[in-house]
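*Asks:* Have a peek at my_file_39.pdb (PDB, C-alpha atoms, pLDDT in the B column).
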MODEL        1
ATOM      1  CA  MET A   1      55.687 -11.809 -53.925  1.00 56.00           C
ATOM      2  CA  VAL A   2      54.973 -14.982 -51.972  1.00 54.00           C
ATOM      3  CA  ALA A   3      58.378 -16.405 -52.863  1.00 60.00           C
ATOM      4  CA  VAL A   4      60.086 -13.288 -51.523  1.00 58.00           C
ATOM      5  CA  LEU A   5      58.182 -13.566 -48.230  1.00 52.00           C
ATOM      6  CA  VAL A   6      59.040 -17.255 -47.895  1.00 54.00           C
ATOM      7  CA  GLN A   7      62.697 -16.532 -48.575  1.00 57.00           C
ATOM      8  CA  ALA A   8      62.709 -13.654 -46.058  1.00 53.00           C
ATOM      9  CA  ALA A   9      61.072 -15.881 -43.450  1.00 56.00           C
ATOM     10  CA  GLY A  10      63.730 -18.518 -44.077  1.00 60.00           C
ATOM     11  CA  LEU A  11      66.508 -15.986 -43.593  1.00 56.00           C
ATOM     12  CA  LEU A  12      64.962 -14.674 -40.386  1.00 54.00           C
ATOM     13  CA  ALA A  13      64.470 -18.176 -39.007  1.00 55.00           C
ATOM     14  CA  ALA A  14      68.113 -19.052 -39.641  1.00 58.00           C
ATOM     15  CA  SER A  15      69.468 -15.799 -38.261  1.00 64.00           C
ATOM     16  CA  ALA A  16      69.935 -14.357 -34.824  1.00 70.00           C
ATOM     17  CA  TYR A  17      66.179 -13.808 -34.472  1.00 72.00           C
ATOM     18  CA  ALA A  18      65.501 -17.514 -33.864  1.00 73.00           C
ATOM     19  CA  PRO A  19      65.968 -17.313 -30.054  1.00 78.00           C
ATOM     20  CA  ILE A  20      63.535 -14.389 -29.927  1.00 77.00           C
ATOM     21  CA  GLY A  21      61.037 -16.388 -31.967  1.00 75.00           C
ATOM     22  CA  LYS A  22      61.450 -19.385 -29.692  1.00 77.00           C
ATOM     23  CA  GLY A  23      60.822 -17.268 -26.632  1.00 79.00           C
ATOM     24  CA  LEU A  24      57.746 -15.691 -28.153  1.00 80.00           C
ATOM     25  CA  VAL A  25      56.334 -19.025 -29.281  1.00 78.00           C
ATOM     26  CA  TYR A  26      56.655 -20.689 -25.907  1.00 80.00           C
ATOM     27  CA  GLY A  27      55.720 -17.572 -23.955  1.00 82.00           C
ATOM     28  CA  LEU A  28      52.541 -16.997 -25.934  1.00 80.00           C
ATOM     29  CA  ALA A  29      51.749 -20.707 -25.886  1.00 80.00           C
ATOM     30  CA  ALA A  30      51.910 -20.676 -22.084  1.00 83.00           C
ATOM     31  CA  ILE A  31      49.624 -17.664 -21.639  1.00 88.00           C
ATOM     32  CA  GLY A  32      46.516 -19.310 -23.095  1.00 86.00           C
ATOM     33  CA  PRO A  33      46.628 -22.494 -21.025  1.00 89.00           C
ATOM     34  CA  GLY A  34      47.474 -20.467 -17.918  1.00 90.00           C
ATOM     35  CA  ILE A  35      44.372 -18.346 -18.348  1.00 92.00           C
ATOM     36  CA  GLY A  36      42.307 -21.417 -19.240  1.00 90.00           C
ATOM     37  CA  ILE A  37      43.332 -23.356 -16.141  1.00 92.00           C
ATOM     38  CA  GLY A  38      42.704 -20.322 -13.950  1.00 93.00           C
ATOM     39  CA  ILE A  39      39.164 -19.945 -15.274  1.00 95.00           C
ATOM     40  CA  LEU A  40      38.530 -23.699 -15.112  1.00 93.00           C
ATOM     41  CA  MET A  41      39.690 -24.014 -11.511  1.00 94.00           C
ATOM     42  CA  GLY A  42      37.759 -20.946 -10.377  1.00 95.00           C
ATOM     43  CA  LYS A  43      34.514 -22.106 -11.950  1.00 95.00           C
ATOM     44  CA  SER A  44      34.994 -25.659 -10.654  1.00 95.00           C
ATOM     45  CA  VAL A  45      35.481 -24.484  -7.075  1.00 95.00           C
ATOM     46  CA  GLU A  46      32.470 -22.219  -7.454  1.00 95.00           C
ATOM     47  CA  ALA A  47      30.346 -25.115  -8.748  1.00 94.00           C
ATOM     48  CA  MET A  48      31.475 -27.407  -5.917  1.00 94.00           C
ATOM     49  CA  ALA A  49      30.692 -24.707  -3.341  1.00 94.00           C
ATOM     50  CA  ARG A  50      27.190 -24.201  -4.750  1.00 95.00           C
ATOM     51  CA  GLN A  51      26.352 -27.900  -5.066  1.00 94.00           C
ATOM     52  CA  PRO A  52      28.574 -30.070  -2.868  1.00 93.00           C
ATOM     53  CA  GLU A  53      26.660 -33.220  -3.853  1.00 94.00           C
ATOM     54  CA  ALA A  54      27.847 -32.793  -7.461  1.00 92.00           C
ATOM     55  CA  ALA A  55      31.513 -32.372  -6.489  1.00 92.00           C
ATOM     56  CA  GLY A  56      32.516 -35.794  -7.846  1.00 92.00           C
ATOM     57  CA  ILE A  57      31.093 -35.115 -11.310  1.00 93.00           C
ATOM     58  CA  VAL A  58      32.550 -31.608 -11.401  1.00 93.00           C
ATOM     59  CA  ARG A  59      35.970 -32.884 -10.288  1.00 93.00           C
ATOM     60  CA  GLY A  60      36.078 -35.553 -12.996  1.00 93.00           C
ATOM     61  CA  THR A  61      35.099 -33.086 -15.694  1.00 93.00           C
ATOM     62  CA  MET A  62      37.647 -30.618 -14.335  1.00 93.00           C
ATOM     63  CA  PHE A  63      40.496 -33.118 -14.669  1.00 93.00           C
ATOM     64  CA  ILE A  64      39.520 -33.899 -18.266  1.00 93.00           C
ATOM     65  CA  GLY A  65      39.532 -30.170 -19.005  1.00 91.00           C
ATOM     66  CA  ILE A  66      42.934 -29.746 -17.372  1.00 92.00           C
ATOM     67  CA  GLY A  67      44.354 -32.487 -19.592  1.00 91.00           C
ATOM     68  CA  ILE A  68      43.002 -30.870 -22.741  1.00 90.00           C
ATOM     69  CA  ILE A  69      44.264 -27.432 -21.733  1.00 89.00           C
ATOM     70  CA  GLU A  70      47.727 -28.754 -20.877  1.00 88.00           C
ATOM     71  CA  ALA A  71      47.920 -30.337 -24.340  1.00 88.00           C
ATOM     72  CA  LEU A  72      47.903 -26.804 -25.757  1.00 84.00           C
ATOM     73  CA  ALA A  73      50.975 -25.926 -23.696  1.00 84.00           C
ATOM     74  CA  LEU A  74      52.707 -29.057 -24.959  1.00 86.00           C
ATOM     75  CA  PHE A  75      52.030 -28.012 -28.562  1.00 84.00           C
ATOM     76  CA  GLY A  76      53.819 -24.738 -27.826  1.00 80.00           C
ATOM     77  CA  PHE A  77      56.699 -26.639 -26.244  1.00 82.00           C
ATOM     78  CA  VAL A  78      57.038 -28.810 -29.360  1.00 82.00           C
ATOM     79  CA  LEU A  79      56.979 -25.750 -31.613  1.00 78.00           C
ATOM     80  CA  PHE A  80      59.745 -24.284 -29.447  1.00 78.00           C
ATOM     81  CA  PHE A  81      62.011 -27.153 -30.540  1.00 79.00           C
ATOM     82  CA  ILE A  82      60.858 -27.175 -34.170  1.00 79.00           C
ATOM     83  CA  ILE A  83      61.949 -23.573 -34.768  1.00 72.00           C
ATOM     84  CA  THR A  84      65.570 -23.770 -35.876  1.00 59.00           C
TER      85      THR A  84
ENDMDL
END
If you convert what's in this file into structure tokens, what do you get?

*Replies:*
Amino acid sequence: MVAVLVQAAGLLAASAYAPIGKGLVYGLAAIGPGIGIGILMGKSVEAMARQPEAAGIVRGTMFIGIGIIEALALFGFVLFFIIT
């Protein structure tokens, strides 16, 4: 049963469905980081508005979070090219 599924997946990947798969992979990979950055930015601005004296610490942590979140989008971009 597993061999049949692997063979079917190989046929689908090599067929005309590959562009659809590429679009889905990159599209879905962009949704998560987009939501994550939106939440991160909103909460960071809220924290800086509540405690302006901590803005430097919040800003530094925010930029680290942005880098980690953007790495997820890059993984999706790489998978876009791996799908044949």

*Asks:* Please provide as an NGL selection string all residues within 9 Å of Leu79 of chain A, with the sequence filter that same-chain residues fewer than 4 positions apart are discarded (counting all atoms listed in the file).

*Replies:* :A and (22 or 25-26 or 74-75 or 83)

*Asks:* Looking at only C-alpha atoms, which of A:Gly65, A:Gly23, A:Gly60, A:Pro52 is the one that sits closest to Ile37 of chain A?

*Replies:* A:Gly65

*Asks:* Do you know which residues are at most 10 Å from Val45 of chain A counting all atoms listed in the file, after dropping those on the same chain fewer than 4 positions away, and could you put them as a PyMOL selection string?

*Replies:* chain A and resi 40-41+49-52+55+58-59+62

*Asks:* For a test of reading the model, state the distance in Å between atom CA of Ile35 of chain A and atom CA of Glu70 of chain A, rounded to one decimal.

*Replies:* 11.2 Å

*Asks:* Identify the residues around (63.0, -21.7, -31.1) within a radius of 12 Å, measuring from all atoms listed in the file in the coordinates stated by the file, and give them as a ChimeraX atom specification.

*Replies:* /A:12-27,76-84

*Asks:* To one decimal in Å, tell me the separation between atom CA of Ile57 of chain A and atom CA of Ile39 of chain A.

*Replies:*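 Atom CA of Ile57 of chain A sits 17.6 Å away from atom CA of Ile39 of chain A.
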
*Asks:* If you measure from atom CA of Gly32 of chain A to atom CA of Met48 of chain A, what distance in Å do you get, rounded to one decimal?

*Replies:* 24.2 Å
